[in-house]
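The file query_34.csv comes next; it holds CSV, C-alpha atoms.
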```
chain,number,residue,atom,x,y,z
S,27,MET,CA,16.4,5.9,7.8
S,28,GLU,CA,13.0,4.7,6.6
S,29,ASP,CA,13.7,5.9,3.1
S,30,GLU,CA,17.0,4.0,3.0
S,31,ALA,CA,15.2,0.7,3.8
S,32,VAL,CA,12.7,1.4,1.0
S,33,PHE,CA,15.3,2.3,-1.5
S,34,ARG,CA,17.4,-0.7,-0.5
S,35,ALA,CA,14.4,-3.0,-0.9
S,36,LEU,CA,13.5,-1.5,-4.3
S,37,ALA,CA,17.0,-1.8,-5.6
S,38,ASP,CA,16.7,-5.6,-6.2
S,39,PRO,CA,14.8,-6.8,-9.4
S,40,SER,CA,13.5,-9.9,-7.6
S,41,ARG,CA,11.9,-7.8,-4.9
S,42,ARG,CA,10.4,-5.5,-7.4
S,43,HIS,CA,9.0,-8.5,-9.2
S,44,LEU,CA,7.5,-9.7,-5.9
S,45,LEU,CA,5.8,-6.3,-5.5
S,46,ASP,CA,4.5,-6.5,-9.1
S,47,LEU,CA,3.0,-9.9,-8.4
S,48,LEU,CA,1.3,-8.6,-5.3
S,49,PHE,CA,0.0,-5.6,-7.3
S,50,GLU,CA,-1.5,-8.0,-9.8
S,51,ARG,CA,-3.1,-10.1,-7.1
S,52,ASP,CA,-2.9,-9.2,-3.4
S,53,GLY,CA,-3.0,-11.7,-0.6
S,54,ARG,CA,-0.7,-14.4,-1.9
S,55,THR,CA,1.0,-17.1,0.1
S,56,LEU,CA,4.7,-17.8,0.1
S,57,SER,CA,4.1,-21.0,-2.0
S,58,GLU,CA,2.3,-18.9,-4.6
S,59,LEU,CA,5.0,-16.4,-4.8
S,60,GLU,CA,7.7,-19.0,-4.8
S,61,LEU,CA,6.3,-20.5,-8.0
S,62,GLU,CA,6.9,-17.2,-9.8
S,63,LEU,CA,10.6,-16.8,-9.0
S,64,PRO,CA,13.6,-18.9,-10.1
S,65,MET,CA,15.0,-19.3,-6.6
S,66,THR,CA,14.6,-21.5,-3.5
S,67,ARG,CA,11.8,-21.0,-1.0
S,68,PHE,CA,14.3,-19.6,1.4
S,69,GLY,CA,15.5,-17.1,-1.1
S,70,VAL,CA,11.9,-15.9,-1.6
S,71,MET,CA,11.5,-15.7,2.2
S,72,LYS,CA,14.6,-13.6,2.5
S,73,HIS,CA,13.3,-11.1,-0.1
S,74,LEU,CA,9.9,-11.0,1.6
S,75,HIS,CA,11.6,-10.3,4.9
S,76,VAL,CA,13.5,-7.3,3.4
S,77,LEU,CA,10.2,-6.0,1.8
S,78,GLU,CA,8.4,-6.4,5.2
S,79,ASP,CA,11.2,-4.6,7.0
S,80,ALA,CA,10.8,-1.7,4.6
S,81,ALA,CA,7.0,-1.8,5.2
S,82,LEU,CA,6.5,-2.4,1.5
S,83,ILE,CA,4.4,-5.5,2.2
S,84,THR,CA,2.3,-6.4,5.2
S,85,THR,CA,1.1,-9.9,6.2
S,86,ARG,CA,-2.0,-11.4,7.7
S,87,LYS,CA,-2.3,-14.9,9.2
S,88,VAL,CA,-5.4,-16.6,8.0
S,89,GLY,CA,-5.7,-20.1,9.4
S,90,ARG,CA,-2.4,-21.9,8.7
S,91,GLU,CA,-1.5,-19.5,5.8
S,92,LYS,CA,0.4,-16.3,5.9
S,93,LEU,CA,-0.9,-13.9,3.2
S,94,HIS,CA,1.3,-11.2,1.8
S,95,TYR,CA,-0.2,-7.8,0.7
S,96,LEU,CA,1.4,-4.9,-1.1
S,97,ASN,CA,1.6,-1.8,1.1
S,98,PRO,CA,2.1,1.3,-1.2
S,99,VAL,CA,2.2,3.8,1.6
S,100,PRO,CA,6.1,4.0,1.9
S,101,ILE,CA,6.3,4.5,-1.9
S,102,GLN,CA,3.7,7.3,-1.6
S,103,LEU,CA,5.7,8.9,1.2
S,104,ILE,CA,8.8,8.9,-0.9
S,105,SER,CA,6.8,10.3,-3.8
S,106,ASP,CA,5.5,13.1,-1.6
S,107,ARG,CA,9.0,13.8,-0.3
S,108,TRP,CA,11.0,13.5,-3.6
S,109,ILE,CA,8.6,14.1,-6.5
S,110,SER,CA,5.6,16.1,-5.3
S,111,LYS,CA,7.7,19.1,-4.3
S,112,TYR,CA,9.3,19.2,-7.7
S,113,SER,CA,6.7,18.4,-10.4
S,114,ALA,CA,4.1,15.9,-9.3
S,115,VAL,CA,1.4,17.1,-11.7
S,116,ARG,CA,3.7,16.9,-14.7
S,117,ALA,CA,5.2,13.6,-13.6
S,118,SER,CA,1.7,12.1,-12.9
S,119,THR,CA,0.4,13.3,-16.3
S,120,LEU,CA,3.4,11.8,-18.1
S,121,ALA,CA,3.0,8.5,-16.2
S,122,ASP,CA,-0.7,8.4,-17.1
S,123,LEU,CA,0.1,9.1,-20.8
S,124,LYS,CA,2.6,6.2,-20.8
S,125,THR,CA,0.1,3.9,-19.2
S,126,VAL,CA,-2.6,4.8,-21.8
S,127,LEU,CA,-0.4,4.6,-24.8
S,128,GLU,CA,1.3,1.4,-23.8
S,129,GLY,CA,-2.1,-0.2,-23.2
S,130,GLU,CA,-1.5,-1.2,-19.6
S,131,ARG,CA,-4.5,-1.6,-17.4
S,132,MET,CA,-5.1,-2.3,-13.8
S,133,GLU,CA,-6.6,-5.7,-13.3
S,134,THR,CA,-9.1,-6.3,-10.6
S,135,ALA,CA,-7.6,-8.4,-7.8
S,136,SER,CA,-9.3,-11.8,-7.2
S,137,LYS,CA,-9.4,-10.9,-3.5
S,138,PRO,CA,-10.9,-7.5,-3.2
S,139,ARG,CA,-9.6,-7.0,0.3
S,140,LEU,CA,-6.8,-4.5,0.5
S,141,VAL,CA,-4.4,-4.3,3.5
S,142,TYR,CA,-2.4,-1.1,3.9
S,143,GLN,CA,-0.3,-0.2,6.9
S,144,ILE,CA,1.2,3.0,8.2
S,145,ILE,CA,2.4,3.9,11.7
S,146,ILE,CA,1.1,7.2,12.9
S,147,ASN,CA,2.9,8.6,15.8
S,148,ALA,CA,0.0,10.5,17.4
S,149,PRO,CA,-2.3,9.9,20.4
S,150,GLN,CA,-5.2,7.5,19.8
S,151,ALA,CA,-7.7,10.3,20.4
S,152,ARG,CA,-6.2,12.4,17.5
S,153,VAL,CA,-6.3,9.5,15.1
S,154,TRP,CA,-10.0,8.8,16.0
S,155,GLU,CA,-10.8,12.5,15.5
S,156,ALA,CA,-9.1,12.3,12.1
S,157,ILE,CA,-11.2,9.4,10.9
S,158,THR,CA,-14.5,10.7,12.3
S,159,LYS,CA,-14.5,14.5,12.0
S,160,PRO,CA,-15.7,16.1,8.8
S,161,GLU,CA,-12.9,18.7,8.7
S,162,PHE,CA,-10.4,15.8,8.6
S,163,THR,CA,-12.2,13.4,6.4
S,164,THR,CA,-12.4,16.0,3.6
S,165,ARG,CA,-8.6,15.9,3.5
S,166,TYR,CA,-8.2,12.2,2.8
S,167,TYR,CA,-11.5,10.8,1.6
S,168,TYR,CA,-11.9,12.4,-1.8
S,169,GLY,CA,-13.1,15.7,-0.4
S,170,SER,CA,-16.1,14.1,1.3
S,171,ALA,CA,-17.2,14.9,4.8
S,172,LEU,CA,-18.4,12.3,7.3
S,173,LYS,CA,-21.9,12.9,8.8
S,174,SER,CA,-22.9,10.7,11.7
S,175,ASP,CA,-23.3,10.8,15.5
S,176,LEU,CA,-21.4,7.5,15.6
S,177,ALA,CA,-23.8,5.8,18.0
S,178,VAL,CA,-24.3,2.1,17.6
S,179,GLY,CA,-26.7,1.4,14.8
S,180,SER,CA,-26.9,4.9,13.6
S,181,PRO,CA,-26.2,5.6,9.9
S,182,PHE,CA,-23.2,7.5,8.6
S,183,THR,CA,-22.8,9.1,5.2
S,184,TYR,CA,-20.1,10.8,3.3
S,185,HIS,CA,-21.2,14.1,1.7
S,186,MET,CA,-19.3,15.5,-1.3
S,187,PRO,CA,-19.5,19.2,-2.1
```
Write the structure described by the file as structure tokens, please.
Amino acid sequence: MEDEAVFRALADPSRRHLLDLLFERDGRTLSELELELPMTRFGVMKHLHVLEDAALITTRKVGREKLHYLNPVPIQLISDRWISKYSAVRASTLADLKTVLEGERMETASKPRLVYQIIINAPQARVWEAITKPEFTTRYYYGSALKSDLAVGSPFTYHMP
């Protein structure tokens, strides 16, 4: 069911354009996004709602503004489900070749803060263990292991093999 919402959200070119805008510069307001699309404010709001329902964007309220952030996690999950099992290495290599040859480059966002969201259906203790135990951190943090006693004020370091 989650894949269906993501595919449905990605099917519309205006929503893909919104995702591209957030990729270029994360943390945009509705007003900023509205300026980039040839539609009414309410039309943009509807598209943002569909993207949020599919978890492709996440929002944070800062003062009176609601900031919108790209959340690539659902796309990665689809990639893991539909591409990785077939030929992820070849597809990734070809995508990289396309990027290099076409001269595309990732621009640094003016707001360096990234906001990703994923719902993990696991007990809180297991999630804490995953972000603090070296045997887990090596799986998701570029192969590095966390070293710390996690007491207040004590240092923590990531060790790479």
Long-range neighbours of stretch 96-102 of chain S as a compact mmCIF listing (two decimals) with C-alpha atoms, in the frame of the given file, 8 Å cut-off, all atoms listed in the file, 6 positions minimum in chain:
```
# COMPACT_ATOMS: atom_id res chain seq x y z
CA ASP S 29 13.70 5.90 3.10
CA VAL S 32 12.70 1.40 1.00
CA LEU S 45 5.80 -6.30 -5.50
CA LEU S 48 1.30 -8.60 -5.30
CA PHE S 49 0.00 -5.60 -7.30
CA ASP S 52 -2.90 -9.20 -3.40
CA ALA S 80 10.80 -1.70 4.60
CA ALA S 81 7.00 -1.80 5.20
CA LEU S 82 6.50 -2.40 1.50
CA ILE S 83 4.40 -5.50 2.20
CA THR S 84 2.30 -6.40 5.20
CA VAL S 141 -4.40 -4.30 3.50
CA TYR S 142 -2.40 -1.10 3.90
CA GLN S 143 -0.30 -0.20 6.90
CA ILE S 144 1.20 3.00 8.20
```
Note to self: If we count all atoms listed in the file and set the cut-off at 9 Å, which residues sit around S:Arg41, ignoring sequence neighbours fewer than 6 positions away in its own chain? Please answer as number ranges by chain.
What the structure shows: S: 35, 70, 73-74, 76-77
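If you measure from each of S:Gly53, S:Met71, S:Ile109, S:Arg165 to S:Thr85 using only C-alpha atoms, the closest one turns out to be S:Gly53.
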Non-local contacts of S:Leu47 (12 Å; all atoms listed in the file; under 6 positions in same chain excluded) as a short mmCIF file (atom, residue, chain, number, x, y, z; two decimals) with C-alpha atoms, keeping the file's coordinate frame:
```
data_model
loop_
_atom_site.label_atom_id
_atom_site.label_comp_id
_atom_site.auth_asym_id
_atom_site.auth_seq_id
_atom_site.Cartn_x
_atom_site.Cartn_y
_atom_site.Cartn_z
CA SER S 40 13.50 -9.90 -7.60
CA ARG S 41 11.90 -7.80 -4.90
CA GLY S 53 -3.00 -11.70 -0.60
CA ARG S 54 -0.70 -14.40 -1.90
CA THR S 55 1.00 -17.10 0.10
CA LEU S 56 4.70 -17.80 0.10
CA GLU S 58 2.30 -18.90 -4.60
CA LEU S 59 5.00 -16.40 -4.80
CA GLU S 60 7.70 -19.00 -4.80
CA LEU S 61 6.30 -20.50 -8.00
CA GLU S 62 6.90 -17.20 -9.80
CA LEU S 63 10.60 -16.80 -9.00
CA ILE S 83 4.40 -5.50 2.20
CA HIS S 94 1.30 -11.20 1.80
CA TYR S 95 -0.20 -7.80 0.70
CA LEU S 96 1.40 -4.90 -1.10
CA GLU S 133 -6.60 -5.70 -13.30
CA ALA S 135 -7.60 -8.40 -7.80
#
```
Next item on the list: Mind giving me the straight-line distance from atom CA of S:Thr158 to atom CA of S:Leu172 in Å, one decimal?
Entry: 6.5 Å
Next item on the list: Can you work out the spacing between atom CA of S:Val88 and atom CA of S:His75 in Å, to one decimal?
Entry: 18.4 Å
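Between atom CA of S:Lys87 and atom CA of S:Asn147 lies a distance of 25.0 Å.
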